[in-house]
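Undergrad: Structure file my_file16.cif (mmCIF, C-alpha atoms) is given on the next line.
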```
data_protein
loop_
_atom_site.label_atom_id
_atom_site.label_comp_id
_atom_site.auth_asym_id
_atom_site.auth_seq_id
_atom_site.Cartn_x
_atom_site.Cartn_y
_atom_site.Cartn_z
CA MET A 500 38.10 95.19 140.10
CA LEU A 501 40.68 92.63 138.91
CA LYS A 502 42.95 93.41 136.00
CA GLN A 503 45.03 91.10 133.85
CA GLY A 504 48.42 91.67 132.36
CA LYS A 505 51.10 89.79 130.49
CA ALA A 506 54.68 90.32 129.44
CA ILE A 507 57.30 88.30 127.65
CA LYS A 508 61.06 88.61 127.47
CA LYS A 509 63.90 86.68 125.91
CA ILE A 510 66.70 86.99 128.44
CA PRO A 511 70.00 87.75 126.66
CA GLY A 512 72.10 84.58 126.88
CA GLY A 513 69.18 82.91 128.61
CA LYS A 514 65.69 81.70 127.82
CA LEU A 515 62.25 83.06 127.00
CA VAL A 516 59.99 83.85 129.96
CA ARG A 517 56.30 84.84 129.92
CA VAL A 518 54.38 86.14 132.90
CA ASP A 519 50.58 86.19 133.04
CA VAL A 520 49.24 88.04 136.04
CA THR A 521 45.87 88.88 137.58
CA TYR A 522 45.90 91.72 140.10
CA SER A 523 43.80 94.05 142.16
CA PRO A 524 44.94 97.59 143.06
CA ALA A 525 46.38 96.22 146.31
CA ARG A 526 47.96 92.87 145.46
CA LEU A 527 48.85 90.13 142.98
CA GLU A 528 45.95 87.68 142.77
CA SER A 529 47.58 85.08 140.54
CA VAL A 530 50.87 84.68 138.69
CA LYS A 531 51.68 82.17 135.96
CA ILE A 532 55.23 81.79 134.70
CA THR A 533 55.83 79.91 131.44
CA GLY A 534 58.71 79.56 129.01
CA ASP A 535 61.52 77.40 127.69
CA PHE A 536 63.74 77.72 130.77
CA PHE A 537 64.97 74.99 133.10
CA LEU A 538 64.42 74.57 136.82
CA HIS A 539 65.65 71.65 138.91
CA PRO A 540 63.74 70.42 140.82
CA GLU A 541 60.95 71.13 138.34
CA ASP A 542 58.12 71.16 140.90
CA LEU A 543 59.50 74.34 142.44
CA LEU A 544 57.95 76.62 139.81
CA VAL A 545 54.53 76.29 141.46
CA ALA A 546 56.11 77.26 144.79
CA MET A 547 57.64 80.33 143.12
CA GLU A 548 54.26 81.31 141.70
CA ASN A 549 52.64 80.76 145.09
CA ARG A 550 55.29 82.92 146.77
CA LEU A 551 54.41 85.78 144.43
CA THR A 552 50.64 85.38 144.73
CA GLY A 553 49.27 87.74 147.34
CA ALA A 554 52.27 90.07 147.22
CA ALA A 555 51.41 93.70 147.93
CA LEU A 556 51.43 96.33 145.19
CA PRO A 557 53.29 98.44 144.30
CA LEU A 558 55.96 95.79 143.88
CA SER A 559 58.99 95.75 146.09
CA LYS A 560 61.18 94.25 143.40
CA PRO A 561 64.42 93.76 145.36
CA GLN A 562 62.56 92.22 148.31
CA MET A 563 60.57 89.83 146.14
CA ALA A 564 63.62 88.84 144.09
CA SER A 565 65.44 88.16 147.33
CA ASP A 566 62.50 86.08 148.65
CA LEU A 567 62.49 83.98 145.49
CA GLN A 568 66.25 83.50 145.61
CA ALA A 569 65.93 82.38 149.24
CA LEU A 570 63.27 79.87 148.20
CA LEU A 571 65.56 78.49 145.49
CA ASP A 572 68.51 78.34 147.89
CA GLU A 573 66.46 76.57 150.59
CA GLN A 574 65.60 73.83 148.10
CA GLY A 575 69.08 73.63 146.59
CA ALA A 576 67.44 74.48 143.27
CA THR A 577 69.09 75.38 139.97
CA LEU A 578 67.28 77.92 137.79
CA ILE A 579 68.66 78.20 134.25
CA GLY A 580 67.65 80.79 131.68
CA PHE A 581 66.54 83.66 133.90
CA SER A 582 67.07 85.03 137.40
CA PRO A 583 64.60 86.18 140.08
CA ALA A 584 65.62 89.77 139.24
CA ASP A 585 64.76 89.16 135.54
CA LEU A 586 61.41 87.79 136.64
CA MET A 587 60.68 90.93 138.64
CA ASP A 588 61.38 93.08 135.58
CA ILE A 589 58.96 91.01 133.49
CA LEU A 590 56.35 91.05 136.23
CA GLU A 591 56.63 94.81 136.50
CA GLU A 592 56.10 95.11 132.76
CA ALA A 593 53.04 92.82 132.97
CA LEU A 594 51.54 95.20 135.52
CA GLN A 595 51.83 98.23 133.26
CA MET B 509 78.18 51.34 136.32
CA LYS B 510 77.03 49.18 133.45
CA TYR B 511 74.50 50.86 131.16
CA ARG B 512 71.73 49.06 129.31
CA MET B 513 71.65 50.41 125.75
CA ILE B 514 68.41 49.99 123.83
CA PRO B 515 68.57 50.40 120.04
CA PHE B 516 66.37 52.71 117.95
CA ARG B 517 62.65 51.94 117.97
CA TYR B 518 59.50 53.92 117.22
CA PHE B 519 56.87 54.76 119.82
CA SER B 520 54.05 57.27 120.15
CA ALA B 521 54.80 60.58 121.88
CA ALA B 522 52.97 59.61 125.06
CA MET B 523 54.79 56.25 125.17
CA ASN B 524 58.16 57.90 124.68
CA MET B 525 57.57 60.16 127.67
CA ALA B 526 56.09 57.29 129.69
CA ILE B 527 59.07 55.03 128.96
CA ASP B 528 61.46 57.70 130.24
CA GLU B 529 59.47 57.99 133.48
CA THR B 530 59.26 54.19 133.82
CA LEU B 531 63.02 53.87 133.41
CA MET B 532 63.55 56.63 136.01
CA GLU B 533 61.42 54.62 138.43
CA GLY B 534 63.50 51.53 137.72
CA ILE B 535 66.79 53.34 138.38
CA ARG B 536 65.37 54.80 141.59
CA ALA B 537 64.60 51.21 142.64
CA GLY B 538 68.23 50.22 142.03
CA GLY B 539 68.13 49.27 138.35
CA ALA B 540 70.99 49.90 135.91
CA PRO B 541 71.27 53.21 134.06
CA VAL B 542 69.91 53.25 130.52
CA ILE B 543 70.71 54.80 127.15
CA ARG B 544 67.97 54.45 124.57
CA PHE B 545 67.36 55.68 121.02
CA TYR B 546 63.91 56.22 119.57
CA GLY B 547 61.68 57.85 117.03
CA TRP B 548 58.18 59.29 117.06
CA GLU B 549 55.33 57.51 115.31
CA PRO B 550 53.23 59.37 114.43
CA SER B 551 55.27 62.58 114.16
CA ALA B 552 54.76 64.75 117.22
CA VAL B 553 55.25 68.10 118.86
CA SER B 554 56.68 68.05 122.37
CA ILE B 555 56.63 71.10 124.58
CA GLY B 556 58.80 71.88 127.58
CA TYR B 557 57.47 71.20 131.07
CA PHE B 558 57.12 74.92 131.82
CA GLN B 559 55.66 76.06 128.51
CA GLY B 560 52.11 77.27 127.98
CA LEU B 561 50.46 74.88 125.51
CA ASP B 562 48.36 77.47 123.72
CA TYR B 563 51.31 79.81 123.43
CA GLU B 564 53.36 77.17 121.64
CA VAL B 565 51.20 74.75 119.65
CA ASN B 566 48.59 75.04 116.92
CA ARG B 567 46.57 72.07 118.14
CA GLU B 568 44.07 72.20 115.29
CA ALA B 569 46.86 72.07 112.71
CA CYS B 570 48.42 69.14 114.61
CA ARG B 571 45.08 67.32 114.69
CA GLN B 572 44.58 67.80 110.97
CA ALA B 573 48.10 66.61 110.22
CA GLY B 574 47.81 63.58 112.54
CA VAL B 575 50.62 64.93 114.71
CA ASP B 576 50.62 64.03 118.41
CA VAL B 577 51.17 66.70 121.07
CA VAL B 578 52.81 65.90 124.39
CA ARG B 579 54.26 67.76 127.36
CA ARG B 580 57.72 66.62 128.46
CA ILE B 581 58.91 66.31 132.04
CA THR B 582 61.96 68.32 131.00
CA GLY B 583 62.15 72.06 130.47
CA GLY B 584 63.22 73.69 127.23
CA GLY B 585 61.31 74.64 124.12
CA ALA B 586 58.72 73.24 121.73
CA VAL B 587 60.10 70.70 119.27
CA TYR B 588 58.62 69.18 116.13
CA HIS B 589 59.66 65.53 115.97
CA ASP B 590 59.27 64.39 112.37
CA ARG B 591 58.90 60.61 112.07
CA ASP B 592 61.64 60.44 109.47
CA GLY B 593 63.54 63.53 110.49
CA GLU B 594 65.44 62.75 113.64
CA ILE B 595 66.84 60.32 116.16
CA THR B 596 66.02 61.03 119.77
CA TYR B 597 68.03 59.67 122.67
CA SER B 598 67.53 59.45 126.41
CA ILE B 599 70.21 58.80 128.98
CA LEU B 600 69.06 58.04 132.50
CA GLY B 601 71.09 57.30 135.60
CA PRO B 602 71.65 58.12 139.24
CA LEU B 603 72.60 61.78 139.77
CA GLU B 604 76.02 60.74 141.11
CA GLU B 605 76.90 59.42 137.63
CA PHE B 606 76.92 62.96 136.23
CA PRO B 607 78.50 66.32 137.08
CA ALA B 608 76.48 68.21 139.70
CA ASP B 609 76.82 71.37 137.61
CA VAL B 610 73.96 71.29 135.11
CA ILE B 611 75.84 72.91 132.23
CA GLU B 612 78.81 70.60 132.75
CA SER B 613 76.49 67.59 132.65
CA TYR B 614 75.01 68.85 129.37
CA ARG B 615 78.53 69.29 128.05
CA LEU B 616 79.51 65.74 129.06
CA ILE B 617 76.46 64.05 127.55
CA CYS B 618 76.39 66.22 124.44
CA GLY B 619 80.03 65.20 123.98
CA HIS B 620 78.79 61.78 122.86
CA ILE B 621 76.71 63.36 120.11
CA ILE B 622 79.63 65.52 119.01
CA GLU B 623 81.74 62.36 118.89
CA ALA B 624 79.10 60.59 116.77
CA PHE B 625 79.15 63.48 114.29
CA ARG B 626 82.96 63.35 114.29
CA MET B 627 82.81 59.62 113.40
CA LEU B 628 80.63 60.62 110.44
CA GLY B 629 83.10 63.31 109.40
CA VAL B 630 81.10 66.27 110.68
CA GLU B 631 82.58 68.82 113.07
CA SER B 632 80.17 70.16 115.69
CA SER B 633 80.39 71.99 118.98
CA PHE B 634 78.50 72.34 122.25
CA GLN B 635 76.72 75.65 122.66
CA PRO B 636 75.61 76.27 126.24
CA ILE B 637 72.96 76.06 127.56
CA ASN B 638 71.78 72.95 125.75
CA ASP B 639 72.48 72.99 122.02
CA ILE B 640 74.91 71.44 119.55
CA LEU B 641 75.85 73.48 116.48
CA VAL B 642 77.38 72.76 113.09
CA ASP B 643 78.73 75.85 111.34
CA GLY B 644 76.80 78.03 113.79
CA LYS B 645 73.49 76.25 113.07
CA LYS B 646 71.58 74.15 115.58
CA ILE B 647 71.53 70.43 114.81
CA SER B 648 70.68 69.06 118.26
CA GLY B 649 68.62 70.32 121.18
CA ASN B 650 68.79 68.69 124.59
CA ALA B 651 66.87 68.89 127.85
CA GLN B 652 67.33 67.57 131.36
CA ALA B 653 65.20 66.70 134.36
CA ARG B 654 66.56 65.82 137.79
CA LYS B 655 63.99 64.06 139.91
CA ARG B 656 64.47 62.32 143.23
CA GLY B 657 68.04 61.17 142.67
CA VAL B 658 67.77 60.37 138.97
CA LEU B 659 68.92 62.39 135.99
CA LEU B 660 67.19 62.18 132.62
CA GLN B 661 68.63 63.92 129.61
CA HIS B 662 66.95 63.52 126.27
CA GLY B 663 67.58 65.27 123.02
CA THR B 664 67.08 65.24 119.29
CA ILE B 665 69.61 64.79 116.54
CA LEU B 666 68.19 66.31 113.37
CA TYR B 667 68.52 64.08 110.32
CA ARG B 668 66.21 65.96 108.00
CA VAL B 669 64.27 69.12 108.80
CA SER B 670 61.25 70.85 107.30
CA VAL B 671 61.03 74.36 108.68
CA GLU B 672 57.79 74.94 106.72
CA THR B 673 56.04 71.98 108.42
CA MET B 674 57.36 73.06 111.79
CA PHE B 675 55.81 76.50 111.34
CA THR B 676 52.38 75.10 110.54
CA LEU B 677 52.32 73.15 113.80
CA LEU B 678 53.88 75.57 116.24
CA THR B 679 52.07 78.73 117.24
CA VAL B 680 53.56 81.70 115.50
CA SER B 681 51.44 84.68 114.58
CA GLU B 682 50.43 84.93 110.91
CA GLU B 683 52.57 87.93 110.21
CA LYS B 684 55.58 86.18 111.66
CA VAL B 685 55.22 83.16 109.35
CA SER B 686 56.70 85.17 106.54
CA ASP B 687 59.25 83.96 104.07
CA LYS B 688 61.69 86.19 105.86
CA LEU B 689 61.24 84.40 109.17
CA ILE B 690 61.38 80.95 107.56
CA ARG B 691 64.59 81.97 105.81
CA SER B 692 65.94 83.24 109.12
CA VAL B 693 65.18 79.93 110.89
CA LYS B 694 66.71 78.03 107.98
CA LYS B 695 69.85 80.00 108.59
CA ARG B 696 69.87 78.93 112.25
CA VAL B 697 68.84 75.25 111.97
CA THR B 698 70.46 72.44 110.03
CA SER B 699 70.28 68.67 109.76
CA LEU B 700 72.73 65.91 108.97
CA SER B 701 71.30 65.19 105.52
CA GLU B 702 71.86 68.83 104.53
CA ILE B 703 75.51 68.52 105.46
CA LYS B 704 76.46 65.07 104.27
CA PRO B 705 74.85 62.07 102.54
CA VAL B 706 74.73 59.75 105.55
CA SER B 707 72.07 57.09 106.01
CA PHE B 708 69.72 57.08 108.98
CA GLU B 709 71.17 53.69 109.95
CA ALA B 710 74.73 55.03 109.87
CA LEU B 711 73.74 57.89 112.18
CA ALA B 712 72.06 55.42 114.57
CA ALA B 713 75.15 53.20 114.56
CA ALA B 714 77.48 56.15 115.19
CA LEU B 715 75.35 57.30 118.12
CA GLU B 716 75.38 53.83 119.68
CA LYS B 717 79.15 53.68 119.32
CA ALA B 718 79.75 57.19 120.61
CA PHE B 719 77.49 56.80 123.65
CA SER B 720 79.41 53.59 124.51
CA GLN B 721 82.74 55.38 124.70
CA GLY B 722 84.06 55.69 128.24
CA ARG B 723 81.13 53.67 129.57
CA GLU B 724 80.48 50.02 130.24
CA VAL B 725 77.52 49.25 128.01
CA GLU B 726 75.44 46.16 127.35
CA MET B 727 72.91 46.02 124.51
CA GLY B 728 69.44 45.23 125.77
CA ASP B 729 65.75 45.84 125.35
CA TYR B 730 62.72 47.00 127.31
CA THR B 731 61.24 44.38 129.62
CA ALA B 732 57.59 43.37 129.29
CA GLU B 733 57.00 44.88 132.73
CA GLU B 734 58.53 48.20 131.70
CA LEU B 735 56.39 48.39 128.58
CA ALA B 736 53.26 47.53 130.56
CA ARG B 737 54.03 50.24 133.13
CA ALA B 738 54.80 52.72 130.35
CA ARG B 739 51.51 51.93 128.60
CA GLN B 740 49.75 52.65 131.88
CA LEU B 741 51.57 55.97 132.33
CA ALA B 742 50.93 56.90 128.70
CA ALA B 743 47.20 56.31 129.13
CA GLU B 744 46.77 57.75 132.60
CA LYS B 745 49.19 60.69 132.41
CA TYR B 746 50.94 61.67 129.21
CA SER B 747 47.98 61.46 126.85
CA THR B 748 45.56 63.22 129.19
CA GLU B 749 44.40 66.79 128.71
CA ALA B 750 45.22 67.44 132.37
CA TRP B 751 48.90 66.81 131.63
CA VAL B 752 49.23 68.16 128.11
CA ALA B 753 47.37 71.39 128.90
CA MET B 754 48.72 71.71 132.45
CA ARG B 755 50.08 75.19 131.65
#
```
What is this file in structure tokens?
TA:
Amino acid sequence: MLKQGKAIKKIPGGKLVRVDVTYSPARLESVKITGDFFLHPEDLLVAMENRLTGAALPLSKPQMASDLQALLDEQGATLIGFSPADLMDILEEALQ
Amino acid sequence: MKYRMIPFRYFSAAMNMAIDETLMEGIRAGGAPVIRFYGWEPSAVSIGYFQGLDYEVNREACRQAGVDVVRRITGGGAVYHDRDGEITYSILGPLEEFPADVIESYRLICGHIIEAFRMLGVESSFQPINDILVDGKKISGNAQARKRGVLLQHGTILYRVSVETMFTLLTVSEEKVSDKLIRSVKKRVTSLSEIKPVSFEALAAALEKAFSQGREVEMGDYTAEELARARQLAAEKYSTEAWVAMR
């Protein structure tokens, strides 16, 4: 049985981030990240969402934040307005 | 590098986005960097590349008011572009023309706007990440995209602002559209006409002058080929539901 969740947070000194998630008891089925943040290159957001999709639950927040940071670093990306660790906090809230 | 500067002109929302992409293509192909000034006709709401359309825009209210809705290729927030309420600019050039650090590049480009305000006798300051403030109130919002070797920064300079209109078009829950919230936004947003009696034309002239400082600039126009390509992109991309409602 799939469940849906959402959470929103304005990062202090940063931007507003929303997470919409669909999940089963075992894993994340889909993750959508929206908000008024900046990411260069822009196309990388879909790759971030894809990296999260399929992740096992319960969340391993430090591991997933580290995976996302590695993805950003590999691509020489600049993420402005939130961090992978912020995203994990919002995702966790969306799952509650 | 010599910049082509294109004076203020009105376009539709989809055309404005399409022209920016067309000019990026031209620079990628070796063309000169560009600075252009423009307005929105009809008035429009633009949302940031990463924003969820339904979270941000009351599409029915926009339809009824004849206000276009478009998704930008840049991040950032939802903006109401009143036809008579602002001047928008775009600056486009090879990445090497600008600081690699994103915030520093905002600071550099926003410096031209601050200089234009200074010429008009208005003191303003850059507020990272991407805003310009006068007396602690936002008067200009800016957004950047960096795509395949080309930087685009566009932004609005508020000439006249109607917070009430903005709230009818952007999605804010009923209880939030209270007088209290409108008063709170009024305290955080300002426009040039609230500060000083300056004509729209004087603001446009100051911006052209300020963006020319420290740069080699030649006044120019769009080519027929650019406008044709932009019309194609406007029709096939920026005005489509697939693009506007992508998120």
Undergrad: Write out as a count of residues only which residues come within 6 Å of stretch 674-678 of chain B when counting all atoms listed in the file, dropping same-chain ones fewer than 5 positions away.
TA: 6
Undergrad: Return as a tab-separated table the residues of chain A lying at most 9 Å from chain B, together with the closest atom-to-atom pair for each and the distance in Å to one decimal, counting all atoms listed in the file, with rows in chain order and ascending residue number.
TA:
```
residue	atom	partner	partner_atom	distance
A:Gly512	CA	B:Ile637	CA	8.6
A:Gly513	CA	B:Ile637	CA	7.9
A:Lys514	CA	B:Gly584	CA	8.4
A:Leu515	CA	B:Gly585	CA	8.9
A:Arg517	CA	B:Gly560	CA	8.9
A:Lys531	CA	B:Arg755	CA	8.4
A:Ile532	CA	B:Phe558	CA	7.7
A:Thr533	CA	B:Gln559	CA	4.8
A:Gly534	CA	B:Gln559	CA	4.7
A:Asp535	CA	B:Gly584	CA	4.1
A:Phe536	CA	B:Gly584	CA	5.4
A:Phe537	CA	B:Gly583	CA	4.8
A:Leu538	CA	B:Gly583	CA	7.2
A:His539	CA	B:Arg654	CA	6.0
A:Pro540	CA	B:Arg654	CA	6.2
A:Glu541	CA	B:Ala653	CA	7.3
A:Leu544	CA	B:Phe558	CA	8.2
A:Thr577	CA	B:Val610	CA	8.0
A:Ile579	CA	B:Ile637	CA	8.2
A:Gly580	CA	B:Ile637	CA	8.2
```
Undergrad: Hey, can you check how far atom CA of B:Ile703 sits from atom CA of B:Leu641?
TA: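 Separation of atom CA of B:Ile703 and atom CA of B:Leu641: 12.1 Å.
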Undergrad: Which value, in Å to one decimal, gives the distance between atom CA of B:Ala573 and atom CA of B:Arg544?
TA: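 Separating atom CA of B:Ala573 from atom CA of B:Arg544 is a distance of 27.4 Å.
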Undergrad: One decimal, in Å: what's the spacing between atom CA of B:Ala552 and atom CA of B:Asp590?
TA: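 Computed distance, atom CA of B:Ala552 to atom CA of B:Asp590, equals 6.6 Å.
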Undergrad: Expand the PyMOL selection byres ((chain A and resi 528) around 10) into the individual residues it matches in the shown file, reporting them as a PyMOL selection string.
TA: chain A and resi 501-503+520-527+529-530+549+551-555
Undergrad: Give me, as a PyMOL selection string, all polymer residues having an atom no more than 12 Å from stretch 628-634 of chain B, counting all atoms listed in the file and skipping those fewer than 4 positions away in the same chain.
TA: chain B and resi 611-624+638-650+665+698-715+717-718
Undergrad: Keeping only C-alpha atoms, write the selected residues to a file as a PDB file, keeping the file's coordinate frame.
TA:
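result07.pdb, freshly written:
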```pdb
ATOM      1  CA  ILE B 611      75.840  72.910 132.230  1.00  0.00           C
ATOM      2  CA  GLU B 612      78.810  70.600 132.750  1.00  0.00           C
ATOM      3  CA  SER B 613      76.490  67.590 132.650  1.00  0.00           C
ATOM      4  CA  TYR B 614      75.010  68.850 129.370  1.00  0.00           C
ATOM      5  CA  ARG B 615      78.530  69.290 128.050  1.00  0.00           C
ATOM      6  CA  LEU B 616      79.510  65.740 129.060  1.00  0.00           C
ATOM      7  CA  ILE B 617      76.460  64.050 127.550  1.00  0.00           C
ATOM      8  CA  CYS B 618      76.390  66.220 124.440  1.00  0.00           C
ATOM      9  CA  GLY B 619      80.030  65.200 123.980  1.00  0.00           C
ATOM     10  CA  HIS B 620      78.790  61.780 122.860  1.00  0.00           C
ATOM     11  CA  ILE B 621      76.710  63.360 120.110  1.00  0.00           C
ATOM     12  CA  ILE B 622      79.630  65.520 119.010  1.00  0.00           C
ATOM     13  CA  GLU B 623      81.740  62.360 118.890  1.00  0.00           C
ATOM     14  CA  ALA B 624      79.100  60.590 116.770  1.00  0.00           C
ATOM     15  CA  ASN B 638      71.780  72.950 125.750  1.00  0.00           C
ATOM     16  CA  ASP B 639      72.480  72.990 122.020  1.00  0.00           C
ATOM     17  CA  ILE B 640      74.910  71.440 119.550  1.00  0.00           C
ATOM     18  CA  LEU B 641      75.850  73.480 116.480  1.00  0.00           C
ATOM     19  CA  VAL B 642      77.380  72.760 113.090  1.00  0.00           C
ATOM     20  CA  ASP B 643      78.730  75.850 111.340  1.00  0.00           C
ATOM     21  CA  GLY B 644      76.800  78.030 113.790  1.00  0.00           C
ATOM     22  CA  LYS B 645      73.490  76.250 113.070  1.00  0.00           C
ATOM     23  CA  LYS B 646      71.580  74.150 115.580  1.00  0.00           C
ATOM     24  CA  ILE B 647      71.530  70.430 114.810  1.00  0.00           C
ATOM     25  CA  SER B 648      70.680  69.060 118.260  1.00  0.00           C
ATOM     26  CA  GLY B 649      68.620  70.320 121.180  1.00  0.00           C
ATOM     27  CA  ASN B 650      68.790  68.690 124.590  1.00  0.00           C
ATOM     28  CA  ILE B 665      69.610  64.790 116.540  1.00  0.00           C
ATOM     29  CA  THR B 698      70.460  72.440 110.030  1.00  0.00           C
ATOM     30  CA  SER B 699      70.280  68.670 109.760  1.00  0.00           C
ATOM     31  CA  LEU B 700      72.730  65.910 108.970  1.00  0.00           C
ATOM     32  CA  SER B 701      71.300  65.190 105.520  1.00  0.00           C
ATOM     33  CA  GLU B 702      71.860  68.830 104.530  1.00  0.00           C
ATOM     34  CA  ILE B 703      75.510  68.520 105.460  1.00  0.00           C
ATOM     35  CA  LYS B 704      76.460  65.070 104.270  1.00  0.00           C
ATOM     36  CA  PRO B 705      74.850  62.070 102.540  1.00  0.00           C
ATOM     37  CA  VAL B 706      74.730  59.750 105.550  1.00  0.00           C
ATOM     38  CA  SER B 707      72.070  57.090 106.010  1.00  0.00           C
ATOM     39  CA  PHE B 708      69.720  57.080 108.980  1.00  0.00           C
ATOM     40  CA  GLU B 709      71.170  53.690 109.950  1.00  0.00           C
ATOM     41  CA  ALA B 710      74.730  55.030 109.870  1.00  0.00           C
ATOM     42  CA  LEU B 711      73.740  57.890 112.180  1.00  0.00           C
ATOM     43  CA  ALA B 712      72.060  55.420 114.570  1.00  0.00           C
ATOM     44  CA  ALA B 713      75.150  53.200 114.560  1.00  0.00           C
ATOM     45  CA  ALA B 714      77.480  56.150 115.190  1.00  0.00           C
ATOM     46  CA  LEU B 715      75.350  57.300 118.120  1.00  0.00           C
ATOM     47  CA  LYS B 717      79.150  53.680 119.320  1.00  0.00           C
ATOM     48  CA  ALA B 718      79.750  57.190 120.610  1.00  0.00           C
TER      49      ALA B 718
END
```
Undergrad: For each of B:Val577, B:Leu741, B:Ala736, B:Leu603, take the minimum atom-to-atom distance to B:Ala753, counting all atoms listed in the file, then give the residue where this is smallest.
TA: B:Val577
Undergrad: Residue by residue, what does the PyMOL selection byres ((chain B and resi 513) around 6) grab here? Present the result as a list in words.
TA: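 Evaluating the PyMOL selection byres ((chain B and resi 513) around 6) on these coordinates yields Arg512, Ile514, Val542, Ile543, Arg544, Glu726, Met727 and Gly728 of chain B.
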Undergrad: Using all atoms listed in the file, determine which residues lie at most 9 Å from A:Ala584, disregarding the query and same-chain residues fewer than 5 positions distant; provide the list as a VMD selection string.
TA: chain A and resid 560 to 561 563 to 565 568 589
Undergrad: Considering only C-alpha atoms, give me a table of residues in stretch 630-710 of chain B that are at most 12 Å from stretch 520-525 of chain B, with the closest atom pair and distance in Å for each, as JSON lines.
TA:
```
{"residue": "B:Leu660", "atom": "CA", "partner": "B:Met525", "partner_atom": "CA", "distance": 11.0}
{"residue": "B:Gln661", "atom": "CA", "partner": "B:Met525", "partner_atom": "CA", "distance": 11.8}
{"residue": "B:His662", "atom": "CA", "partner": "B:Met525", "partner_atom": "CA", "distance": 10.1}
```
Undergrad: Looking at B:Gly593, B:Thr679, B:Glu529, B:Asp729, which one is nearest to B:Arg567, with distances taken over all atoms listed in the file?
TA: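 Between B:Gly593, B:Thr679, B:Glu529, B:Asp729, the residue approaching B:Arg567 most closely is B:Thr679.
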